[in-house]
$ cat target_30.txt   # compact mmCIF, C-alpha atoms and all ligand atoms
# COMPACT_ATOMS: atom_id res chain seq x y z
CA MET A 8 -90.61 156.15 85.52
CA ILE A 9 -89.11 159.44 84.32
CA HIS A 10 -90.45 162.82 85.41
CA VAL A 11 -89.09 166.18 84.32
CA HIS A 12 -90.67 169.11 86.18
CA HIS A 13 -90.21 172.67 84.95
CA VAL A 14 -86.52 172.22 84.20
CA THR A 15 -84.48 175.17 82.97
CA LYS A 16 -80.79 175.05 82.12
CA ARG A 17 -78.66 178.12 81.49
CA TYR A 18 -75.11 178.14 80.22
CA GLY A 19 -74.06 181.61 81.35
CA GLN A 20 -76.26 184.03 79.41
CA LEU A 21 -77.66 181.31 77.13
CA THR A 22 -80.85 179.53 78.15
CA ALA A 23 -80.51 176.08 76.56
CA ILE A 24 -83.84 174.72 77.84
CA GLN A 25 -86.66 176.61 79.51
CA ASP A 26 -89.43 175.26 81.74
CA VAL A 27 -89.30 171.77 80.23
CA SER A 28 -91.75 169.23 81.67
CA PHE A 29 -92.65 165.74 80.48
CA SER A 30 -93.01 162.22 81.81
CA VAL A 31 -92.28 158.74 80.50
CA GLU A 32 -94.28 155.83 81.88
CA LYS A 33 -92.79 152.43 82.64
CA GLY A 34 -92.32 150.39 79.46
CA GLU A 35 -92.87 153.36 77.18
CA VAL A 36 -90.59 154.39 74.30
CA LEU A 37 -90.58 158.15 73.91
CA ALA A 38 -89.03 160.04 71.02
CA PHE A 39 -87.43 163.30 71.98
CA LEU A 40 -87.41 165.26 68.75
CA GLY A 41 -85.96 168.59 67.87
CA PRO A 42 -83.78 170.39 65.34
CA ASN A 43 -80.07 170.94 66.03
CA GLY A 44 -79.48 173.05 69.12
CA ALA A 45 -83.05 172.58 70.40
CA GLY A 46 -81.90 171.31 73.79
CA LYS A 47 -82.15 167.52 73.44
CA THR A 48 -78.64 166.68 74.66
CA THR A 49 -78.91 169.20 77.49
CA THR A 50 -82.08 167.47 78.72
CA MET A 51 -80.47 164.01 78.40
CA ARG A 52 -77.43 165.19 80.35
CA ILE A 53 -79.59 166.47 83.20
CA LEU A 54 -81.50 163.17 83.33
CA THR A 55 -78.28 161.16 83.38
CA CYS A 56 -76.85 163.34 86.20
CA PHE A 57 -74.05 164.59 83.96
CA MET A 58 -74.89 168.12 85.08
CA PRO A 59 -77.56 169.76 87.26
CA ALA A 60 -80.51 171.82 86.10
CA THR A 61 -80.44 175.53 86.87
CA GLU A 62 -84.09 175.34 87.96
CA GLY A 63 -86.66 172.57 88.27
CA ARG A 64 -86.42 168.90 89.15
CA ALA A 65 -85.98 165.59 87.36
CA THR A 66 -86.52 162.10 88.76
CA VAL A 67 -85.82 158.62 87.41
CA ALA A 68 -87.44 155.57 89.03
CA GLY A 69 -88.40 157.81 91.94
CA PHE A 70 -84.85 159.09 92.57
CA ASP A 71 -83.87 162.73 92.25
CA CYS A 72 -81.26 163.36 89.54
CA PHE A 73 -79.53 166.04 91.59
CA GLU A 74 -79.82 164.62 95.11
CA GLN A 75 -79.52 160.86 94.41
CA PRO A 76 -77.26 160.57 91.34
CA THR A 77 -75.85 157.17 92.35
CA GLU A 78 -79.32 155.61 92.48
CA VAL A 79 -80.37 157.31 89.24
CA LYS A 80 -77.24 156.06 87.43
CA ARG A 81 -77.93 152.53 88.65
CA HIS A 82 -81.32 152.67 86.91
CA ILE A 83 -80.17 154.31 83.68
CA GLY A 84 -78.16 153.12 80.72
CA TYR A 85 -76.95 156.05 78.62
CA LEU A 86 -75.72 155.97 75.06
CA PRO A 87 -74.37 159.45 74.28
CA GLU A 88 -74.24 160.76 70.72
CA THR A 89 -70.56 159.76 70.54
CA PRO A 90 -70.20 156.34 72.23
CA PRO A 91 -67.69 156.58 75.10
CA VAL A 92 -65.53 153.68 73.89
CA TYR A 93 -61.77 153.28 74.32
CA GLN A 94 -60.23 152.43 70.98
CA GLU A 95 -57.11 150.79 72.45
CA LEU A 96 -59.08 148.18 74.43
CA THR A 97 -60.72 145.02 73.14
CA VAL A 98 -64.51 144.78 73.39
CA GLU A 99 -64.21 142.42 76.36
CA GLU A 100 -61.61 144.58 78.15
CA TYR A 101 -63.70 147.68 77.67
CA LEU A 102 -66.97 146.09 78.83
CA THR A 103 -65.16 144.60 81.86
CA PHE A 104 -63.83 148.06 82.68
CA VAL A 105 -67.31 149.62 82.46
CA ALA A 106 -68.86 146.75 84.44
CA ARG A 107 -66.31 147.24 87.26
CA LEU A 108 -67.06 150.98 87.30
CA ARG A 109 -70.69 149.96 87.74
CA GLY A 110 -69.69 147.84 90.74
CA LEU A 111 -70.07 144.42 89.09
CA THR A 112 -67.59 141.67 90.02
CA GLY A 113 -67.10 137.89 89.82
CA THR A 114 -69.91 135.71 88.56
CA THR A 115 -72.35 138.61 88.20
CA LEU A 116 -69.90 140.44 85.96
CA ARG A 117 -69.33 137.34 83.79
CA GLN A 118 -73.06 136.68 83.51
CA ARG A 119 -73.83 140.26 82.52
CA MET A 120 -70.94 140.26 80.05
CA ASP A 121 -72.23 137.09 78.39
CA ALA A 122 -75.78 138.46 78.37
CA VAL A 123 -74.91 141.75 76.62
CA VAL A 124 -72.46 140.11 74.21
CA ASP A 125 -75.21 137.69 73.24
CA ARG A 126 -77.99 140.30 73.05
CA LEU A 127 -75.92 142.64 70.88
CA SER A 128 -74.37 139.86 68.77
CA LEU A 129 -70.83 140.84 69.75
CA GLY A 130 -69.55 137.26 70.09
CA THR A 131 -67.40 137.34 66.95
CA VAL A 132 -65.68 140.62 67.90
CA ARG A 133 -65.32 140.03 71.63
CA GLY A 134 -61.51 139.85 71.47
CA ARG A 135 -61.05 142.56 68.79
CA LEU A 136 -59.65 146.04 69.44
CA ILE A 137 -62.45 148.61 69.35
CA ALA A 138 -60.28 150.75 67.03
CA ASN A 139 -60.64 148.03 64.37
CA LEU A 140 -64.44 147.77 64.52
CA SER A 141 -66.89 149.24 62.02
CA ARG A 142 -69.05 152.16 63.19
CA GLY A 143 -72.03 149.83 63.45
CA TYR A 144 -70.19 147.46 65.75
CA ARG A 145 -68.84 150.37 67.80
CA GLN A 146 -72.42 151.54 68.27
CA ARG A 147 -73.33 148.04 69.48
CA VAL A 148 -70.47 148.23 71.97
CA GLY A 149 -71.85 151.62 73.04
CA LEU A 150 -75.24 150.00 73.61
CA ALA A 151 -73.57 147.11 75.45
CA GLN A 152 -71.92 149.51 77.93
CA ALA A 153 -75.32 151.15 78.47
CA LEU A 154 -76.87 147.74 79.24
CA ILE A 155 -74.09 146.07 81.23
CA HIS A 156 -75.62 146.82 84.67
CA ASP A 157 -79.08 145.74 83.48
CA PRO A 158 -80.83 149.11 83.92
CA PRO A 159 -84.60 149.38 83.41
CA VAL A 160 -84.26 152.78 81.68
CA LEU A 161 -82.31 153.53 78.51
CA ILE A 162 -81.49 156.99 77.22
CA LEU A 163 -80.24 156.93 73.66
CA ASP A 164 -78.94 160.14 72.11
CA GLU A 165 -79.09 160.04 68.29
CA PRO A 166 -78.25 156.31 68.21
CA THR A 167 -78.18 155.95 64.42
CA VAL A 168 -76.25 159.10 63.45
CA GLY A 169 -73.31 158.33 61.16
CA LEU A 170 -74.32 154.73 60.44
CA ASP A 171 -74.87 153.30 56.96
CA PRO A 172 -78.40 152.18 55.96
CA LYS A 173 -77.78 148.51 56.85
CA GLN A 174 -76.35 149.42 60.24
CA ILE A 175 -79.28 151.80 60.84
CA ILE A 176 -81.76 148.97 60.25
CA GLU A 177 -79.82 146.70 62.62
CA ILE A 178 -79.61 149.26 65.42
CA ARG A 179 -83.31 150.14 65.03
CA GLN A 180 -84.20 146.46 65.29
CA LEU A 181 -82.08 146.21 68.44
CA ILE A 182 -83.89 149.19 69.93
CA LYS A 183 -87.24 147.59 69.04
CA ASP A 184 -86.16 144.41 70.85
CA LEU A 185 -84.94 146.37 73.86
CA ALA A 186 -88.25 148.24 73.98
CA GLN A 187 -89.95 144.97 74.99
CA SER A 188 -88.25 145.13 78.39
CA HIS A 189 -87.08 148.71 78.93
CA THR A 190 -88.35 152.26 79.31
CA ILE A 191 -86.59 154.25 76.59
CA ILE A 192 -86.04 157.88 75.66
CA LEU A 193 -84.75 158.15 72.14
CA SER A 194 -83.38 161.53 71.18
CA THR A 195 -83.42 162.00 67.44
CA HIS A 196 -83.95 164.43 64.61
CA ILE A 197 -84.71 161.59 62.18
CA LEU A 198 -88.46 161.61 61.91
CA PRO A 199 -89.09 158.19 60.34
CA GLU A 200 -87.07 156.75 63.20
CA ALA A 201 -89.43 158.33 65.73
CA THR A 202 -92.49 157.07 63.85
CA ALA A 203 -91.05 153.57 63.52
CA LEU A 204 -89.93 153.12 67.11
CA CYS A 205 -92.05 155.32 69.37
CA ARG A 206 -95.71 155.62 70.25
CA ARG A 207 -95.28 159.06 71.80
CA VAL A 208 -93.16 162.03 70.82
CA VAL A 209 -92.09 165.16 72.62
CA ILE A 210 -91.01 167.93 70.27
CA ILE A 211 -88.59 170.53 71.61
CA ASN A 212 -87.70 173.69 69.75
CA GLY A 213 -85.60 176.62 70.94
CA GLY A 214 -85.37 175.02 74.39
CA ARG A 215 -89.13 174.75 74.89
CA ILE A 216 -91.51 171.84 74.51
CA VAL A 217 -93.87 172.65 71.65
CA ALA A 218 -95.81 169.37 71.44
CA GLU A 219 -96.29 166.07 73.24
CA ASP A 220 -98.50 163.30 71.87
CA SER A 221 -98.62 160.25 69.62
CA PRO A 222 -97.58 160.93 66.00
CA GLU A 223 -101.16 160.18 64.90
CA GLN A 224 -102.76 162.56 67.41
CA LEU A 225 -100.29 165.31 66.62
CA SER A 226 -101.03 165.15 62.94
CA ALA A 227 -104.78 165.02 63.60
CA ARG A 228 -104.62 168.05 65.87
CA LEU A 229 -102.53 170.10 63.45
CA ARG A 230 -104.48 169.16 60.36
CA ARG A 231 -106.38 172.04 58.86
CA SER A 232 -107.69 170.47 55.71
CA GLU A 233 -108.16 167.13 53.97
CA LYS A 234 -105.56 166.35 51.33
CA ILE A 235 -106.10 164.27 48.22
CA SER A 236 -103.59 163.42 45.54
CA VAL A 237 -104.90 162.98 42.01
CA THR A 238 -103.08 161.83 38.85
CA LEU A 239 -104.66 162.13 35.42
CA LYS A 240 -103.84 160.71 32.00
CA SER A 241 -105.14 163.32 29.57
CA PRO A 242 -106.55 166.44 31.22
CA PRO A 243 -107.15 169.70 29.28
CA ALA A 244 -104.83 172.67 29.75
CA ASP A 245 -107.14 174.34 32.27
CA TRP A 246 -107.79 171.23 34.44
CA VAL A 247 -106.37 172.84 37.59
CA GLU A 248 -108.62 175.90 37.19
CA GLN A 249 -111.62 173.64 36.58
CA LEU A 250 -110.93 171.63 39.73
CA ARG A 251 -110.62 174.84 41.73
CA THR A 252 -114.23 175.71 40.83
CA MET A 253 -115.57 172.66 42.70
CA PRO A 254 -117.43 173.65 45.88
CA GLY A 255 -115.54 172.47 49.00
CA ILE A 256 -112.11 172.61 47.41
CA LEU A 257 -109.79 175.07 49.14
CA SER A 258 -106.77 174.84 46.88
CA VAL A 259 -105.16 172.79 44.11
CA PHE A 260 -101.37 172.53 43.87
CA PRO A 261 -100.31 171.04 40.52
CA ALA A 262 -97.09 169.04 40.39
CA GLU A 263 -94.38 170.54 38.19
CA HIS A 264 -93.60 167.66 35.86
CA ALA A 265 -96.65 165.42 36.01
CA GLN A 266 -100.36 165.62 35.43
CA SER A 267 -101.06 165.28 39.09
CA ALA A 268 -102.00 167.64 41.87
CA LEU A 269 -102.48 167.87 45.60
CA ILE A 270 -106.00 168.99 46.39
CA GLU A 271 -106.93 170.50 49.74
CA SER A 272 -110.55 170.36 50.79
CA GLU A 273 -112.49 171.49 53.85
CA LEU A 274 -111.58 169.72 57.08
CA GLY A 275 -113.88 166.76 57.77
CA ARG A 276 -115.18 166.56 54.20
CA ASP A 277 -114.07 163.53 52.18
CA MET A 278 -114.30 164.65 48.55
CA ARG A 279 -112.76 161.61 46.87
CA ASP A 280 -116.07 160.46 45.45
CA GLU A 281 -117.03 163.90 44.11
CA ILE A 282 -113.59 164.46 42.58
CA ALA A 283 -113.65 161.01 40.94
CA ARG A 284 -117.06 161.70 39.39
CA PHE A 285 -115.97 165.20 38.26
CA VAL A 286 -112.87 163.79 36.54
CA VAL A 287 -114.55 160.75 35.01
CA ALA A 288 -117.49 162.81 33.67
CA ARG A 289 -114.98 164.93 31.74
CA ASP A 290 -113.03 161.90 30.53
CA TRP A 291 -109.67 163.13 31.85
CA GLY A 292 -108.36 159.58 32.43
CA LEU A 293 -108.26 159.01 36.19
CA LEU A 294 -105.03 157.13 36.98
CA GLU A 295 -104.86 157.61 40.75
CA LEU A 296 -106.83 159.20 43.58
CA ARG A 297 -105.77 158.85 47.21
CA THR A 298 -105.88 160.64 50.53
CA VAL A 299 -102.62 162.04 51.83
CA SER A 300 -102.14 161.98 55.57
CA MET A 301 -99.96 164.40 57.45
CA THR A 302 -96.63 162.85 58.32
CA LEU A 303 -94.65 163.45 61.46
CA GLU A 304 -92.33 165.40 59.19
CA ASP A 305 -95.14 167.85 58.36
CA VAL A 306 -95.97 168.17 62.05
CA PHE A 307 -92.35 168.74 62.94
CA LEU A 308 -91.83 171.37 60.25
CA ARG A 309 -95.01 173.19 61.17
CA LEU A 310 -94.08 173.26 64.84
CA THR A 311 -90.40 174.06 64.50
CA GLN A 312 -90.53 176.50 61.60
CA HIS A 313 -93.59 178.43 62.63
CA GLU A 314 -93.13 178.14 66.39
CA GLU A 315 -96.75 177.21 66.89
CA GLY A 316 -98.16 175.47 69.90
CA VAL A 317 -100.44 172.49 69.33
CA PRO A 318 -104.09 173.42 69.71
CA ALA A 319 -105.75 171.69 72.65
CA GLY A 320 -108.85 170.51 70.82
CA PRO A 321 -109.19 167.46 68.58
CA ALA A 322 -108.93 169.47 65.36
CA ALA A 323 -107.47 172.86 64.58
CA SER A 324 -109.61 175.37 62.75
CA PRO A 325 -108.25 176.78 59.50
CA SER A 326 -107.52 180.11 61.17
CA GLN A 327 -105.44 178.65 64.00
CA GLY A 328 -101.68 179.22 64.18
CA LYS A 329 -99.74 182.29 65.15
CA ASN A 330 -98.07 183.15 61.90
CA GLY A 331 -100.38 181.57 59.41
CA SER A 332 -99.41 178.20 58.04
CA ALA A 333 -97.28 177.49 55.04
CA SER A 334 -100.02 175.19 53.91
CA ASP A 335 -102.42 178.12 53.67
CA THR A 336 -100.35 179.64 50.91
CA ALA A 337 -98.03 176.96 49.56
CA PRO A 338 -98.16 173.25 48.87
CA PRO A 339 -97.89 171.18 52.03
CA ALA A 340 -94.76 169.06 52.37
N1 LIG B 401 -71.62 173.33 77.46
C1 LIG B 401 -72.27 174.29 76.82
N2 LIG B 401 -71.95 175.58 77.00
C2 LIG B 401 -72.63 176.58 76.37
N3 LIG B 401 -73.68 176.37 75.53
C3 LIG B 401 -74.03 175.12 75.31
C4 LIG B 401 -73.36 174.00 75.94
N4 LIG B 401 -73.97 172.85 75.54
C5 LIG B 401 -74.97 173.22 74.69
N5 LIG B 401 -75.01 174.57 74.57
C6 LIG B 401 -75.99 175.32 73.77
O1 LIG B 401 -77.28 175.01 74.28
C7 LIG B 401 -78.24 174.88 73.22
C8 LIG B 401 -78.86 173.50 73.25
O2 LIG B 401 -77.84 172.56 72.90
P1 LIG B 401 -78.07 170.97 72.89
O3 LIG B 401 -76.75 170.34 72.61
O4 LIG B 401 -78.77 170.57 74.13
O5 LIG B 401 -79.05 170.82 71.66
P2 LIG B 401 -79.42 169.51 70.83
O6 LIG B 401 -80.90 169.58 70.61
O7 LIG B 401 -78.90 168.31 71.50
O8 LIG B 401 -78.68 169.76 69.46
P3 LIG B 401 -77.90 168.72 68.52
O9 LIG B 401 -78.96 167.91 67.82
O10 LIG B 401 -77.18 169.65 67.58
O11 LIG B 401 -76.98 167.90 69.38
C9 LIG B 401 -77.47 175.19 71.94
O12 LIG B 401 -77.66 176.57 71.65
C10 LIG B 401 -76.04 174.91 72.31
O13 LIG B 401 -75.14 175.70 71.54

$ encode --input "target_30.txt" --output "structure tokens"
Amino acid sequence: MIHVHHVTKRYGQLTAIQDVSFSVEKGEVLAFLGPNGAGKTTTMRILTCFMPATEGRATVAGFDCFEQPTEVKRHIGYLPETPPVYQELTVEEYLTFVARLRGLTGTTLRQRMDAVVDRLSLGTVRGRLIANLSRGYRQRVGLAQALIHDPPVLILDEPTVGLDPKQIIEIRQLIKDLAQSHTIILSTHILPEATALCRRVVIINGGRIVAEDSPEQLSARLRRSEKISVTLKSPPADWVEQLRTMPGILSVFPAEHAQSALIESELGRDMRDEIARFVVARDWGLLELRTVSMTLEDVFLRLTQHEEGVPAGPAASPSQGKNGSASDTAPPA
């Protein structure tokens, strides 16, 4: 549905994105993740025909973003980071204005208006001035303008930025509902949002794609060790040193204010049983023992702070990584 082929965008001397390629299949929800300034908005703007790429090609629903912008825009609903709403209009006036720009008239316009007002629960504020709406409602109006022409593709740029926790939950639920019937690119730097809403993520850093996979696969491919968290009731003073003597354990990172630690063991070796027996045999009072999986946050930090590529194989060896990993020398996040 969406194909980006070797796209580069330069603003004068500055290369904002370089040789970016990725695809989104029909019905898929893709998270486009990256730290501030990584090139997310630039990529979104090229896809929505807001500006052309310097090099490369992008297509949406088979139409070229540069050569067939009218067709592309017909297939895309775009919610920019700041919703393009007019404060001095009512919700209905504004949505009518956008619908007319999209070429809708008469019965079709009224039907689409009713459909988006209903889908985004805007019925109670339909006649209100946008200036008097809460940020959450304004974001719903922003989503409504993106949906008014019933596009199959939605591009949402940081849709929950600036909302309060309740509004964030509501907008995320709306996106989940929309995902049932739309192809979506969700640009975000909020990692739990990507995990909650998307099955695949593309991570961009410094204008280049550094990873593309499901959150689970990414963490599996970047994992270099098994991690176990242990909490004890009454260990002796040298309990960390004693644990470090166990064969197979790579490192033990004690917590600062609790009798617990994060234990790293060799990749592919589940040491929970051995650690439990070691602790119980010494009567240290085992309160908790659990595996710790790598979160998308860990993956993101590793990729964007250390500028590593993702190894191609199913599991990275402990020596992989350009600069050495933080987790080789410091507690993992
Ligand atoms: N119109 C412009 N003119 C010059 N430089 C620009 C322009 N727009 C963006 N840039 C630069 O291009 C790079 C990528 O910016 P972009 O806005 O695409 O990043 P982003 O990932 O969306 O960041 P953010 O999360 O902060 O919005 C940044 O260095 C930015 O300063």

$ residues_near_ligand --input "target_30.txt" --ligand "ligand LIG 401 (chain B)" --cutoff "6 Å" --atoms "all atoms listed in the file" --output "NGL selection string"
:A and (18 or 23 or 41-49)

$ write_last_selection --input "target_30.txt" --atoms "C-alpha atoms" --output "PDB file, in the coordinates of the input"
ATOM      1  CA  TYR A  18     -75.110 178.140  80.220  1.00  0.00           C
ATOM      2  CA  ALA A  23     -80.510 176.080  76.560  1.00  0.00           C
ATOM      3  CA  GLY A  41     -85.960 168.590  67.870  1.00  0.00           C
ATOM      4  CA  PRO A  42     -83.780 170.390  65.340  1.00  0.00           C
ATOM      5  CA  ASN A  43     -80.070 170.940  66.030  1.00  0.00           C
ATOM      6  CA  GLY A  44     -79.480 173.050  69.120  1.00  0.00           C
ATOM      7  CA  ALA A  45     -83.050 172.580  70.400  1.00  0.00           C
ATOM      8  CA  GLY A  46     -81.900 171.310  73.790  1.00  0.00           C
ATOM      9  CA  LYS A  47     -82.150 167.520  73.440  1.00  0.00           C
ATOM     10  CA  THR A  48     -78.640 166.680  74.660  1.00  0.00           C
ATOM     11  CA  THR A  49     -78.910 169.200  77.490  1.00  0.00           C
TER      12      THR A  49
END

$ residues_around --input "target_30.txt" --residues "Leu294 (chain A)" --least-positions-apart "4" --cutoff "7 Å" --atoms "only C-alpha atoms" --output "ChimeraX atom specification"
/A:238-240

$ write_last_selection --input "target_30.txt" --atoms "C-alpha atoms" --output "compact mmCIF listing (two decimals), in the frame of the given file"
# COMPACT_ATOMS: atom_id res chain seq x y z
CA THR A 238 -103.08 161.83 38.85
CA LEU A 239 -104.66 162.13 35.42
CA LYS A 240 -103.84 160.71 32.00

$ atom_distance --input "target_30.txt" --atom1 "CA of Ser221 (chain A)" --atom2 "CA of Ala153 (chain A)"
26.5 Å

$ atom_distance --input "target_30.txt" --atom1 "CA of Pro91 (chain A)" --atom2 "CA of Leu198 (chain A)"
25.1 Å

$ closest_residue --input "target_30.txt" --among "A:Glu62, A:Arg142, A:Val98, A:Arg276" --to "Asp121 (chain A)" --atoms "all atoms listed in the file"
A:Val98

$ residues_around --input "target_30.txt" --residues "Leu269 (chain A)" --least-positions-apart "4" --cutoff "9 Å" --atoms "only C-alpha atoms" --output "VMD selection string"
chain A and resid 234 to 237 258 to 262 299 338 to 339

$ closest_residue --input "target_30.txt" --among "A:Glu74, A:Glu271, A:Glu295, A:Asp157" --to "Ala106 (chain A)" --atoms "only C-alpha atoms"
A:Asp157

$ closest_residue --input "target_30.txt" --among "A:Glu165, A:Ala60, A:Glu95, A:Arg231" --to "Thr22 (chain A)" --atoms "all atoms listed in the file"
A:Ala60

$ closest_residue --input "target_30.txt" --among "A:Leu161, A:Glu177, A:Arg119, A:Pro166" --to "Glu88 (chain A)" --atoms "all atoms listed in the file"
A:Pro166

$ residues_around --input "target_30.txt" --residues "region 144-150 of chain A" --least-positions-apart "5" --cutoff "7 Å" --atoms "all atoms listed in the file" --output "list in words"
Leu86, Pro90, Pro91, Val92, Leu127 and Ile137 of chain A

$ write_last_selection --input "target_30.txt" --atoms "C-alpha atoms" --output "PDB file, in the frame of the given file"
ATOM      1  CA  LEU A  86     -75.720 155.970  75.060  1.00  0.00           C
ATOM      2  CA  PRO A  90     -70.200 156.340  72.230  1.00  0.00           C
ATOM      3  CA  PRO A  91     -67.690 156.580  75.100  1.00  0.00           C
ATOM      4  CA  VAL A  92     -65.530 153.680  73.890  1.00  0.00           C
ATOM      5  CA  LEU A 127     -75.920 142.640  70.880  1.00  0.00           C
ATOM      6  CA  ILE A 137     -62.450 148.610  69.350  1.00  0.00           C
TER       7      ILE A 137
END

$ closest_residue --input "target_30.txt" --among "A:Leu257, A:Met278, A:Val160, A:Ala186" --to "His82 (chain A)" --atoms "all atoms listed in the file"
A:Val160

$ closest_residue --input "target_30.txt" --among "A:Ala68, A:Met51, A:Leu293, A:Leu204" --to "Gln187 (chain A)" --atoms "all atoms listed in the file"
A:Leu204

$ residues_around --input "target_30.txt" --residues "Thr61 (chain A)" --least-positions-apart "5" --cutoff "8 Å" --atoms "only C-alpha atoms" --output "ChimeraX atom specification"
/A:14-17

$ atom_distance --input "target_30.txt" --atom1 "CA of Ile175 (chain A)" --atom2 "CA of Glu35 (chain A)"
21.3 Å

$ residues_around --input "target_30.txt" --residues "Arg207 (chain A)" --least-positions-apart "3" --cutoff "10 Å" --atoms "all atoms listed in the file" --output "ChimeraX atom specification"
/A:31,35-39,201-202,204,210,219-225

$ axis_aligned_box --input "target_30.txt" --around "region 230-243 of chain A" --padding-each-side "8 Å" --output "AutoDock Vina command-line options"
--center_x -105.6 --center_y 166.4 --center_z 44.8 --size_x 21.1 --size_y 27.3 --size_z 47.1

$ residues_near_point --input "target_30.txt" --point "(-77.2, 167.2, 89.5)" --cutoff "8 Å" --atoms "all atoms listed in the file" --output "number ranges by chain"
A: 53, 56-60, 72-74, 76
